[in-house]
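First comes the structure, then the notes that go with it.
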Amino acid sequence: MTGVTSRAPDPPPGNEGATKGPAAHAPVRRVSLLMRTLTTEMQVYAELVCTRLDINRSDLTALGHLEKARVEGHAMTQADLGRALRMSGAAITALADRLQRTGHLVRIRSGHDRRKILLEATEQSRETSLQCFRPLAHATTTALQRYTPQELELVERVMIDLVEAAREASQQVWRQQDGSALSAPPRLVDPRADPVHRAL
(Lines give C-alpha, C1' and ligand atoms only; values in the text may rest on other atoms or scores of the structure.)
Protein backbone atom coordinates (compact mmCIF):
# COMPACT_ATOMS: atom_id res chain seq x y z
CA MET A 1 0.00 0.00 0.00
CA THR A 2 1.15 3.55 -0.71
CA GLY A 3 2.81 5.31 2.23
CA VAL A 4 3.35 2.16 4.28
CA THR A 5 6.97 1.24 5.10
CA SER A 6 7.68 -2.44 5.59
CA ARG A 7 9.63 -3.40 8.71
CA ALA A 8 12.10 -6.27 8.94
CA PRO A 9 11.16 -8.94 11.47
CA ASP A 10 12.90 -8.84 14.83
CA PRO A 11 15.85 -11.24 15.22
CA PRO A 12 15.30 -14.36 17.30
CA PRO A 13 15.81 -13.88 21.06
CA GLY A 14 19.44 -14.23 22.04
CA ASN A 15 20.62 -13.66 18.48
CA GLU A 16 20.17 -9.91 18.23
CA GLY A 17 23.80 -9.29 17.26
CA ALA A 18 24.03 -11.98 14.60
CA THR A 19 25.36 -10.83 11.25
CA LYS A 20 23.57 -11.93 8.11
CA GLY A 21 24.87 -12.40 4.60
CA PRO A 22 28.31 -13.34 3.25
CA ALA A 23 30.10 -11.38 5.97
CA ALA A 24 28.74 -13.80 8.57
CA HIS A 25 30.44 -16.75 6.87
CA ALA A 26 33.90 -15.18 6.58
CA PRO A 27 34.90 -15.82 10.23
CA VAL A 28 33.63 -19.39 9.96
CA ARG A 29 35.73 -19.97 6.85
CA ARG A 30 38.80 -18.50 8.55
CA VAL A 31 38.35 -20.69 11.63
CA SER A 32 37.76 -23.77 9.47
CA LEU A 33 40.95 -23.04 7.55
CA LEU A 34 42.88 -22.62 10.78
CA MET A 35 41.48 -25.91 12.08
CA ARG A 36 42.68 -27.69 8.94
CA THR A 37 46.08 -26.03 9.32
CA LEU A 38 46.29 -27.11 12.97
CA THR A 39 45.31 -30.65 12.02
CA THR A 40 48.03 -30.72 9.38
CA GLU A 41 50.65 -29.45 11.85
CA MET A 42 49.58 -32.08 14.40
CA GLN A 43 49.87 -34.77 11.74
CA VAL A 44 53.37 -33.57 10.86
CA TYR A 45 54.34 -33.72 14.54
CA ALA A 46 52.83 -37.20 14.87
CA GLU A 47 54.84 -38.37 11.87
CA LEU A 48 58.02 -37.09 13.52
CA VAL A 49 57.11 -38.98 16.69
CA CYS A 50 56.49 -42.12 14.66
CA THR A 51 59.92 -41.76 13.08
CA ARG A 52 61.48 -41.30 16.52
CA LEU A 53 59.70 -44.39 17.88
CA ASP A 54 60.24 -46.39 14.69
CA ILE A 55 56.51 -47.07 14.27
CA ASN A 56 53.80 -46.03 11.82
CA ARG A 57 50.62 -44.02 12.38
CA SER A 58 48.45 -47.09 12.96
CA ASP A 59 50.93 -48.23 15.60
CA LEU A 60 50.78 -44.85 17.32
CA THR A 61 46.98 -44.90 17.30
CA ALA A 62 47.02 -48.43 18.72
CA LEU A 63 49.30 -47.34 21.56
CA GLY A 64 46.89 -44.49 22.26
CA HIS A 65 44.01 -46.94 22.62
CA LEU A 66 46.06 -49.16 24.91
CA GLU A 67 46.98 -46.19 27.09
CA LYS A 68 43.34 -45.12 27.22
CA ALA A 69 42.39 -48.58 28.44
CA ARG A 70 45.15 -48.48 31.07
CA VAL A 71 44.01 -45.08 32.37
CA GLU A 72 40.42 -46.32 32.56
CA GLY A 73 41.51 -49.35 34.57
CA HIS A 74 41.06 -52.16 32.09
CA ALA A 75 43.11 -53.97 29.48
CA MET A 76 42.43 -54.74 25.84
CA THR A 77 42.55 -58.02 24.01
CA GLN A 78 43.78 -58.23 20.46
CA ALA A 79 40.15 -58.46 19.32
CA ASP A 80 39.29 -55.30 21.29
CA LEU A 81 42.12 -53.40 19.65
CA GLY A 82 41.11 -54.70 16.23
CA ARG A 83 37.57 -53.38 16.72
CA ALA A 84 38.87 -50.00 17.88
CA LEU A 85 41.12 -49.69 14.83
CA ARG A 86 38.67 -51.39 12.46
CA MET A 87 41.30 -53.89 11.40
CA SER A 88 40.92 -57.49 10.31
CA GLY A 89 42.23 -60.29 12.49
CA ALA A 90 45.28 -60.77 10.32
CA ALA A 91 46.07 -57.06 10.21
CA ILE A 92 45.78 -56.55 13.97
CA THR A 93 47.94 -59.64 14.59
CA ALA A 94 50.64 -58.20 12.34
CA LEU A 95 50.40 -54.84 14.12
CA ALA A 96 50.67 -56.42 17.59
CA ASP A 97 53.60 -58.60 16.45
CA ARG A 98 55.36 -55.53 15.07
CA LEU A 99 54.89 -53.52 18.28
CA GLN A 100 56.06 -56.44 20.37
CA ARG A 101 59.20 -56.89 18.28
CA THR A 102 60.07 -53.20 18.68
CA GLY A 103 59.56 -53.28 22.44
CA HIS A 104 56.40 -51.16 22.56
CA LEU A 105 53.92 -53.86 23.53
CA VAL A 106 53.72 -56.99 25.66
CA ARG A 107 51.21 -59.82 25.63
CA ILE A 108 50.16 -61.02 29.07
CA ARG A 109 47.75 -63.71 30.21
CA SER A 110 44.68 -62.47 32.07
CA GLY A 111 44.64 -63.21 35.78
CA HIS A 112 40.87 -63.77 35.66
CA ASP A 113 40.72 -65.91 32.53
CA ARG A 114 43.95 -67.70 31.63
CA ARG A 115 42.65 -68.29 28.12
CA LYS A 116 42.52 -64.55 27.45
CA ILE A 117 45.63 -62.74 26.20
CA LEU A 118 45.82 -59.02 26.98
CA LEU A 119 47.86 -56.34 25.26
CA GLU A 120 49.72 -53.63 27.16
CA ALA A 121 52.09 -50.87 26.13
CA THR A 122 55.45 -51.18 27.83
CA GLU A 123 56.60 -48.65 30.40
CA GLN A 124 59.52 -47.76 28.16
CA SER A 125 57.14 -47.07 25.28
CA ARG A 126 54.97 -44.81 27.45
CA GLU A 127 57.97 -42.87 28.75
CA THR A 128 59.46 -42.43 25.29
CA SER A 129 56.11 -41.28 23.96
CA LEU A 130 55.81 -38.71 26.74
CA GLN A 131 59.29 -37.40 25.99
CA CYS A 132 58.43 -37.09 22.30
CA PHE A 133 55.21 -35.17 22.95
CA ARG A 134 56.57 -32.95 25.74
CA PRO A 135 57.82 -30.18 23.37
CA LEU A 136 54.37 -29.95 21.78
CA ALA A 137 52.70 -29.92 25.21
CA HIS A 138 55.00 -27.13 26.36
CA ALA A 139 54.41 -25.08 23.21
CA THR A 140 50.62 -25.37 23.38
CA THR A 141 50.57 -24.58 27.10
CA THR A 142 52.70 -21.49 26.54
CA ALA A 143 50.37 -20.33 23.76
CA LEU A 144 47.23 -20.86 25.86
CA GLN A 145 48.67 -19.00 28.85
CA ARG A 146 48.48 -15.78 26.84
CA TYR A 147 44.70 -15.75 27.24
CA THR A 148 42.47 -14.85 30.16
CA PRO A 149 40.45 -17.54 31.99
CA GLN A 150 37.29 -16.10 30.40
CA GLU A 151 38.78 -16.39 26.92
CA LEU A 152 39.92 -19.95 27.61
CA GLU A 153 36.42 -20.88 28.76
CA LEU A 154 35.13 -19.76 25.36
CA VAL A 155 37.88 -21.73 23.62
CA GLU A 156 36.95 -24.78 25.66
CA ARG A 157 33.30 -24.48 24.65
CA VAL A 158 34.29 -24.13 20.99
CA MET A 159 36.61 -27.13 21.18
CA ILE A 160 33.91 -29.27 22.83
CA ASP A 161 31.51 -28.40 20.02
CA LEU A 162 34.14 -29.12 17.35
CA VAL A 163 35.04 -32.48 18.91
CA GLU A 164 31.37 -33.46 18.95
CA ALA A 165 30.95 -32.28 15.35
CA ALA A 166 33.94 -34.38 14.27
CA ARG A 167 32.54 -37.37 16.15
CA GLU A 168 29.15 -36.99 14.46
CA ALA A 169 30.82 -36.73 11.05
CA SER A 170 32.75 -39.94 11.75
CA GLN A 171 29.51 -41.69 12.66
CA GLN A 172 27.89 -40.53 9.42
CA VAL A 173 30.77 -41.88 7.35
CA TRP A 174 30.67 -45.11 9.36
CA ARG A 175 26.95 -45.59 8.65
CA GLN A 176 27.49 -44.97 4.93
CA GLN A 177 30.08 -47.74 4.63
CA ASP A 178 28.72 -51.07 3.47
CA GLY A 179 29.62 -54.47 4.84
CA SER A 180 30.88 -53.27 8.21
CA ALA A 181 30.61 -55.93 10.90
CA LEU A 182 31.00 -53.39 13.70
CA SER A 183 28.06 -51.67 15.33
CA ALA A 184 29.65 -48.34 16.19
CA PRO A 185 32.76 -46.32 15.37
CA PRO A 186 35.53 -46.16 17.96
CA ARG A 187 35.30 -43.29 20.40
CA LEU A 188 37.99 -40.66 20.54
CA VAL A 189 40.91 -41.37 22.82
CA ASP A 190 40.19 -40.08 26.31
CA PRO A 191 42.04 -36.77 26.88
CA ARG A 192 43.70 -38.26 29.95
CA ALA A 193 45.34 -40.84 27.70
CA ASP A 194 46.42 -38.34 25.08
CA PRO A 195 50.23 -38.11 25.04
CA VAL A 196 50.14 -34.30 24.79
CA HIS A 197 47.74 -34.03 27.74
CA ARG A 198 49.84 -36.38 29.88
CA ALA A 199 53.04 -34.51 28.99
CA LEU A 200 51.73 -31.27 30.54
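Identifiers in this document derive from the order of the C-alpha coordinates: chains are assigned A, B, ..., residues are numbered from 1 separately in each chain, and ligands are numbered from 1 in order of occurrence.
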Please build the interface table for segment 124-171 of chain A against segment 36-59 of chain A with a cut-off of 12 Å, listing for each qualifying residue the nearest atom pair and the distance in Å to one decimal; count only C-alpha atoms, order rows by chain and increasing number, and write it as JSON lines.
{"residue": "A:Gln124", "atom": "CA", "partner": "A:Leu53", "partner_atom": "CA", "distance": 10.8}
{"residue": "A:Ser125", "atom": "CA", "partner": "A:Leu53", "partner_atom": "CA", "distance": 8.3}
{"residue": "A:Arg126", "atom": "CA", "partner": "A:Leu53", "partner_atom": "CA", "distance": 10.7}
{"residue": "A:Glu127", "atom": "CA", "partner": "A:Leu53", "partner_atom": "CA", "distance": 11.1}
{"residue": "A:Thr128", "atom": "CA", "partner": "A:Leu53", "partner_atom": "CA", "distance": 7.7}
{"residue": "A:Ser129", "atom": "CA", "partner": "A:Val49", "partner_atom": "CA", "distance": 7.7}
{"residue": "A:Leu130", "atom": "CA", "partner": "A:Val49", "partner_atom": "CA", "distance": 10.1}
{"residue": "A:Gln131", "atom": "CA", "partner": "A:Val49", "partner_atom": "CA", "distance": 9.7}
{"residue": "A:Cys132", "atom": "CA", "partner": "A:Val49", "partner_atom": "CA", "distance": 6.1}
{"residue": "A:Phe133", "atom": "CA", "partner": "A:Val49", "partner_atom": "CA", "distance": 7.6}
{"residue": "A:Arg134", "atom": "CA", "partner": "A:Val49", "partner_atom": "CA", "distance": 10.9}
{"residue": "A:Pro135", "atom": "CA", "partner": "A:Tyr45", "partner_atom": "CA", "distance": 10.1}
{"residue": "A:Leu136", "atom": "CA", "partner": "A:Tyr45", "partner_atom": "CA", "distance": 8.2}
{"residue": "A:Ala137", "atom": "CA", "partner": "A:Tyr45", "partner_atom": "CA", "distance": 11.4}
{"residue": "A:Thr140", "atom": "CA", "partner": "A:Met42", "partner_atom": "CA", "distance": 11.3}
Name the residues in contact with segment 105-111 of chain A at a cut-off of 12 Å, using only C-alpha atoms, excluding same-chain residues fewer than 2 positions from it; report them as JSON, numbers by chain. {"A": [55, 59, 60, 62, 63, 64, 66, 67, 74, 75, 76, 77, 78, 93, 95, 96, 97, 98, 99, 100, 101, 102, 103, 113, 114, 115, 116, 117, 118, 119, 120, 121, 122, 123, 124, 125, 126]}
Among segment 9-158 of chain A, which ones does DSSP assign to strand (DSSP E or B) (computed from the backbone)? Answer as a count of residues only. 12
Write out as a short mmCIF file (atom, residue, chain, number, x, y, z; two decimals) with N, CA and C atoms, in the first residue's frame the set of residues from segment 48-160 of chain A that DSSP, computed on the backbone, places in helix (DSSP H, G or I).
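Dumped to selection33.cif:
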data_model
loop_
_atom_site.label_atom_id
_atom_site.label_comp_id
_atom_site.auth_asym_id
_atom_site.auth_seq_id
_atom_site.Cartn_x
_atom_site.Cartn_y
_atom_site.Cartn_z
N LEU A 48 56.67 -37.19 12.94
CA LEU A 48 58.02 -37.09 13.52
C LEU A 48 58.16 -38.01 14.73
N VAL A 49 57.09 -38.08 15.54
CA VAL A 49 57.11 -38.98 16.69
C VAL A 49 57.20 -40.43 16.23
N CYS A 50 56.44 -40.76 15.18
CA CYS A 50 56.49 -42.12 14.66
C CYS A 50 57.90 -42.48 14.19
N THR A 51 58.55 -41.52 13.53
CA THR A 51 59.92 -41.76 13.08
C THR A 51 60.84 -41.99 14.27
N ARG A 52 60.65 -41.17 15.31
CA ARG A 52 61.48 -41.30 16.52
C ARG A 52 61.27 -42.66 17.19
N LEU A 53 60.02 -43.12 17.22
CA LEU A 53 59.70 -44.39 17.88
C LEU A 53 59.85 -45.59 16.96
N ARG A 57 51.74 -44.73 11.75
CA ARG A 57 50.62 -44.02 12.38
C ARG A 57 49.62 -44.97 13.01
N SER A 58 49.37 -46.11 12.37
CA SER A 58 48.45 -47.09 12.96
C SER A 58 48.99 -47.60 14.29
N ASP A 59 50.31 -47.80 14.35
CA ASP A 59 50.93 -48.23 15.60
C ASP A 59 50.73 -47.19 16.70
N LEU A 60 50.93 -45.92 16.34
CA LEU A 60 50.78 -44.85 17.32
C LEU A 60 49.35 -44.76 17.82
N THR A 61 48.39 -44.92 16.91
CA THR A 61 46.98 -44.90 17.30
C THR A 61 46.67 -46.08 18.21
N ALA A 62 47.23 -47.24 17.89
CA ALA A 62 47.02 -48.43 18.72
C ALA A 62 47.55 -48.21 20.13
N LEU A 63 48.74 -47.62 20.24
CA LEU A 63 49.30 -47.34 21.56
C LEU A 63 48.43 -46.36 22.33
N GLY A 64 47.81 -45.42 21.61
CA GLY A 64 46.89 -44.49 22.26
C GLY A 64 45.68 -45.20 22.84
N HIS A 65 45.14 -46.17 22.11
CA HIS A 65 44.01 -46.94 22.62
C HIS A 65 44.41 -47.78 23.82
N LEU A 66 45.60 -48.35 23.78
CA LEU A 66 46.06 -49.16 24.91
C LEU A 66 46.27 -48.30 26.14
N GLU A 67 46.78 -47.09 25.95
CA GLU A 67 46.98 -46.19 27.09
C GLU A 67 45.64 -45.73 27.65
N LYS A 68 44.69 -45.48 26.78
CA LYS A 68 43.34 -45.12 27.22
C LYS A 68 42.76 -46.22 28.11
N ALA A 69 42.90 -47.46 27.65
CA ALA A 69 42.39 -48.58 28.44
C ALA A 69 43.09 -48.66 29.80
N ARG A 70 44.40 -48.44 29.81
CA ARG A 70 45.15 -48.48 31.07
C ARG A 70 44.66 -47.41 32.03
N VAL A 71 44.47 -46.18 31.53
CA VAL A 71 44.01 -45.08 32.37
C VAL A 71 42.62 -45.38 32.93
N GLN A 78 43.47 -58.52 21.85
CA GLN A 78 43.78 -58.23 20.46
C GLN A 78 42.51 -57.95 19.67
N ALA A 79 41.43 -58.68 19.99
CA ALA A 79 40.15 -58.46 19.32
C ALA A 79 39.60 -57.07 19.64
N ASP A 80 39.74 -56.64 20.91
CA ASP A 80 39.29 -55.30 21.29
C ASP A 80 40.02 -54.23 20.48
N LEU A 81 41.32 -54.38 20.38
CA LEU A 81 42.12 -53.40 19.65
C LEU A 81 41.76 -53.42 18.16
N GLY A 82 41.50 -54.60 17.63
CA GLY A 82 41.11 -54.70 16.23
C GLY A 82 39.80 -53.97 15.96
N ARG A 83 38.84 -54.09 16.90
CA ARG A 83 37.57 -53.38 16.72
C ARG A 83 37.78 -51.87 16.80
N ALA A 84 38.63 -51.43 17.73
CA ALA A 84 38.87 -50.00 17.88
C ALA A 84 39.52 -49.41 16.64
N LEU A 85 40.40 -50.17 16.01
CA LEU A 85 41.12 -49.69 14.83
C LEU A 85 40.44 -50.09 13.52
N GLY A 89 41.45 -59.50 11.55
CA GLY A 89 42.23 -60.29 12.49
C GLY A 89 43.68 -60.42 12.08
N ALA A 90 43.91 -60.62 10.80
CA ALA A 90 45.28 -60.77 10.32
C ALA A 90 46.05 -59.47 10.46
N ALA A 91 45.40 -58.36 10.15
CA ALA A 91 46.07 -57.06 10.21
C ALA A 91 46.42 -56.69 11.65
N ILE A 92 45.51 -56.93 12.59
CA ILE A 92 45.78 -56.55 13.97
C ILE A 92 46.84 -57.48 14.58
N THR A 93 46.88 -58.73 14.13
CA THR A 93 47.94 -59.64 14.59
C THR A 93 49.30 -59.14 14.13
N ALA A 94 49.38 -58.72 12.87
CA ALA A 94 50.64 -58.20 12.34
C ALA A 94 51.06 -56.94 13.08
N LEU A 95 50.09 -56.07 13.40
CA LEU A 95 50.40 -54.84 14.12
C LEU A 95 50.94 -55.17 15.52
N ALA A 96 50.24 -56.06 16.23
CA ALA A 96 50.67 -56.42 17.59
C ALA A 96 52.05 -57.08 17.56
N ASP A 97 52.28 -57.96 16.58
CA ASP A 97 53.60 -58.60 16.45
C ASP A 97 54.69 -57.56 16.23
N ARG A 98 54.37 -56.57 15.39
CA ARG A 98 55.36 -55.53 15.07
C ARG A 98 55.68 -54.70 16.31
N LEU A 99 54.66 -54.31 17.07
CA LEU A 99 54.89 -53.52 18.28
C LEU A 99 55.63 -54.32 19.34
N GLN A 100 55.35 -55.60 19.39
CA GLN A 100 56.06 -56.44 20.37
C GLN A 100 57.53 -56.58 19.99
N ARG A 101 57.82 -56.75 18.72
CA ARG A 101 59.20 -56.89 18.28
C ARG A 101 60.02 -55.64 18.57
N GLU A 123 56.27 -49.89 29.68
CA GLU A 123 56.60 -48.65 30.40
C GLU A 123 57.59 -47.82 29.59
N GLN A 124 58.55 -48.48 28.97
CA GLN A 124 59.52 -47.76 28.16
C GLN A 124 58.85 -47.04 26.99
N SER A 125 57.86 -47.68 26.39
CA SER A 125 57.14 -47.07 25.28
C SER A 125 56.37 -45.84 25.75
N ARG A 126 55.73 -45.95 26.92
CA ARG A 126 54.97 -44.81 27.45
C ARG A 126 55.90 -43.64 27.77
N GLU A 127 57.03 -43.93 28.39
CA GLU A 127 57.97 -42.87 28.75
C GLU A 127 58.56 -42.20 27.51
N THR A 128 58.90 -43.00 26.52
CA THR A 128 59.46 -42.43 25.29
C THR A 128 58.43 -41.58 24.58
N SER A 129 57.18 -42.04 24.58
CA SER A 129 56.11 -41.28 23.96
C SER A 129 55.91 -39.94 24.65
N LEU A 130 55.95 -39.95 25.99
CA LEU A 130 55.81 -38.71 26.74
C LEU A 130 56.94 -37.74 26.41
N GLN A 131 58.15 -38.26 26.32
CA GLN A 131 59.29 -37.40 25.99
C GLN A 131 59.13 -36.79 24.60
N CYS A 132 58.60 -37.58 23.66
CA CYS A 132 58.43 -37.09 22.30
C CYS A 132 57.37 -35.99 22.23
N PHE A 133 56.31 -36.13 23.02
CA PHE A 133 55.21 -35.17 22.95
C PHE A 133 55.38 -33.98 23.89
N ARG A 134 56.38 -34.04 24.77
CA ARG A 134 56.57 -32.95 25.74
C ARG A 134 56.82 -31.60 25.08
N PRO A 135 57.64 -31.49 24.01
CA PRO A 135 57.82 -30.18 23.37
C PRO A 135 56.51 -29.59 22.85
N LEU A 136 55.66 -30.44 22.28
CA LEU A 136 54.37 -29.95 21.78
C LEU A 136 53.48 -29.51 22.94
N ALA A 137 53.49 -30.29 24.03
CA ALA A 137 52.70 -29.92 25.21
C ALA A 137 53.16 -28.58 25.77
N HIS A 138 54.46 -28.38 25.84
CA HIS A 138 55.00 -27.13 26.36
C HIS A 138 54.62 -25.95 25.46
N ALA A 139 54.73 -26.16 24.15
CA ALA A 139 54.41 -25.08 23.21
C ALA A 139 52.93 -24.69 23.28
N THR A 140 52.05 -25.68 23.33
CA THR A 140 50.62 -25.37 23.38
C THR A 140 50.25 -24.72 24.70
N THR A 141 50.85 -25.19 25.80
CA THR A 141 50.57 -24.58 27.10
C THR A 141 51.02 -23.13 27.12
N THR A 142 52.19 -22.86 26.59
CA THR A 142 52.70 -21.49 26.54
C THR A 142 51.76 -20.60 25.72
N ALA A 143 51.28 -21.11 24.60
CA ALA A 143 50.37 -20.33 23.76
C ALA A 143 49.05 -20.05 24.48
N LEU A 144 48.51 -21.03 25.18
CA LEU A 144 47.23 -20.86 25.86
C LEU A 144 47.33 -19.92 27.06
N PRO A 149 41.31 -16.38 31.69
CA PRO A 149 40.45 -17.54 31.99
C PRO A 149 39.12 -17.47 31.24
N GLN A 150 38.57 -16.25 31.11
CA GLN A 150 37.29 -16.10 30.40
C GLN A 150 37.44 -16.47 28.93
N GLU A 151 38.54 -16.05 28.32
CA GLU A 151 38.78 -16.39 26.92
C GLU A 151 38.98 -17.90 26.75
N LEU A 152 39.68 -18.51 27.70
CA LEU A 152 39.92 -19.95 27.61
C LEU A 152 38.62 -20.73 27.80
N GLU A 153 37.71 -20.22 28.61
CA GLU A 153 36.42 -20.88 28.76
C GLU A 153 35.66 -20.90 27.43
N LEU A 154 35.75 -19.80 26.68
CA LEU A 154 35.13 -19.76 25.36
C LEU A 154 35.81 -20.75 24.41
N VAL A 155 37.15 -20.77 24.46
CA VAL A 155 37.88 -21.73 23.62
C VAL A 155 37.48 -23.15 23.96
N GLU A 156 37.34 -23.43 25.24
CA GLU A 156 36.95 -24.78 25.66
C GLU A 156 35.58 -25.15 25.11
N ARG A 157 34.64 -24.21 25.18
CA ARG A 157 33.30 -24.48 24.65
C ARG A 157 33.36 -24.74 23.15
N VAL A 158 34.16 -23.94 22.44
CA VAL A 158 34.29 -24.13 20.99
C VAL A 158 34.90 -25.50 20.69
N MET A 159 35.95 -25.87 21.43
CA MET A 159 36.61 -27.13 21.18
C MET A 159 35.68 -28.31 21.47
N ILE A 160 34.88 -28.21 22.52
CA ILE A 160 33.91 -29.27 22.83
C ILE A 160 32.94 -29.45 21.67
#
